[in-house]
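J.: Please see the structure below; I have some questions.
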Amino acid sequence: MSHTPIDIGSLIDRSPEIRDGRPRIAGTGVTVRRIVGWYKLGLTAEDIVAEIPHLTLAQVHAALAYYHANREEIEKDITEEERVAEQLERQYSTKRSSTK
């Protein structure tokens, strides 16, 4: 059985209309940021594939390689997401308190 080599550069892409242009595994909606989140929780690439079985091990490794090569970009995105989540939580908490 012969396999056609895959250019690993083709495994990660971005498109403005999908996931706000964040880097993602090509052909999916799974962002590098999502893979990194699980990686930071201690999951291995194999564990992540078990969680998202439509991904291949090569795709997960490509996402992790992208993260390690572009750590500042991904960390900035994660920090911004956390900031927005905290802001929304405060707004919701304040709104709930004022309606009681």
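Residue numbers start at 1 in each chain; chains themselves are named A, B, ... in the order of the structure tokens; ligands are numbered from 1 in the order shown.
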How would you write, as a PyMOL selection string, the set of residues in region 5-65 of chain A that DSSP gives as helix (DSSP H, G or I)?
T.: chain A and resi 8-10+19-21+32-40+45-51+57-65
J.: Would you please extract all strand (DSSP E) residues from chain A, as assigned by DSSP on the backbone, and give them as number ranges by chain?
T.: A: 12-13, 24-25
J.: Write out, as a PDB file, in the first residue's frame, the residues just selected, with C-alpha atoms.
T.:
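So the final result, stored in again.pdb, reads:
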```pdb
ATOM      1  CA  ILE A  12      -3.000  24.067   9.286  1.00  0.00           C
ATOM      2  CA  ASP A  13      -4.859  26.891   7.599  1.00  0.00           C
ATOM      3  CA  ARG A  24      -7.139  25.650  12.593  1.00  0.00           C
ATOM      4  CA  ILE A  25      -6.666  22.139  11.384  1.00  0.00           C
TER       5      ILE A  25
END
```
J.: Provide the CA of Gly27 (chain A) to CA of Thr79 (chain A) distance in Å, to one decimal place.
T.: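 One can read the CA of Gly27 (chain A) to CA of Thr79 (chain A) distance as 25.6 Å.
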J.: List as an MDAnalysis selection string the protein and nucleic acid residues near Arg14 (chain A), meaning an atom at most 12 Å away when only C-alpha atoms are counted, but skip any in the same chain fewer than 6 places from it.
T.: chainID A and resid 20:32
J.: Give me the residues near region 48-54 of chain A as an mmCIF file with C-alpha atoms, in the first residue's frame, where near means some atom within 9 Å (using only C-alpha atoms) and where sequence neighbours in that chain fewer than 5 positions away do not count.
T.:
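Ended up saving to result_1.cif:
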```
data_model
loop_
_atom_site.group_PDB
_atom_site.id
_atom_site.type_symbol
_atom_site.label_atom_id
_atom_site.label_comp_id
_atom_site.auth_asym_id
_atom_site.auth_seq_id
_atom_site.Cartn_x
_atom_site.Cartn_y
_atom_site.Cartn_z
ATOM 1 C CA ILE A 35 -5.780 21.594 20.785
ATOM 2 C CA TRP A 38 -6.197 20.187 25.986
ATOM 3 C CA TYR A 39 -2.432 19.890 25.687
ATOM 4 C CA LEU A 43 -3.514 15.397 27.386
ATOM 5 C CA VAL A 60 -2.842 17.080 16.198
#
```
J.: Env of Ile8 (chain A): 9 Å cut, atoms = only C-alpha atoms, seq-sep filter 5 positions within chain, self excluded. Answer as a ChimeraX atom specification.
T.: /A:58-59,62
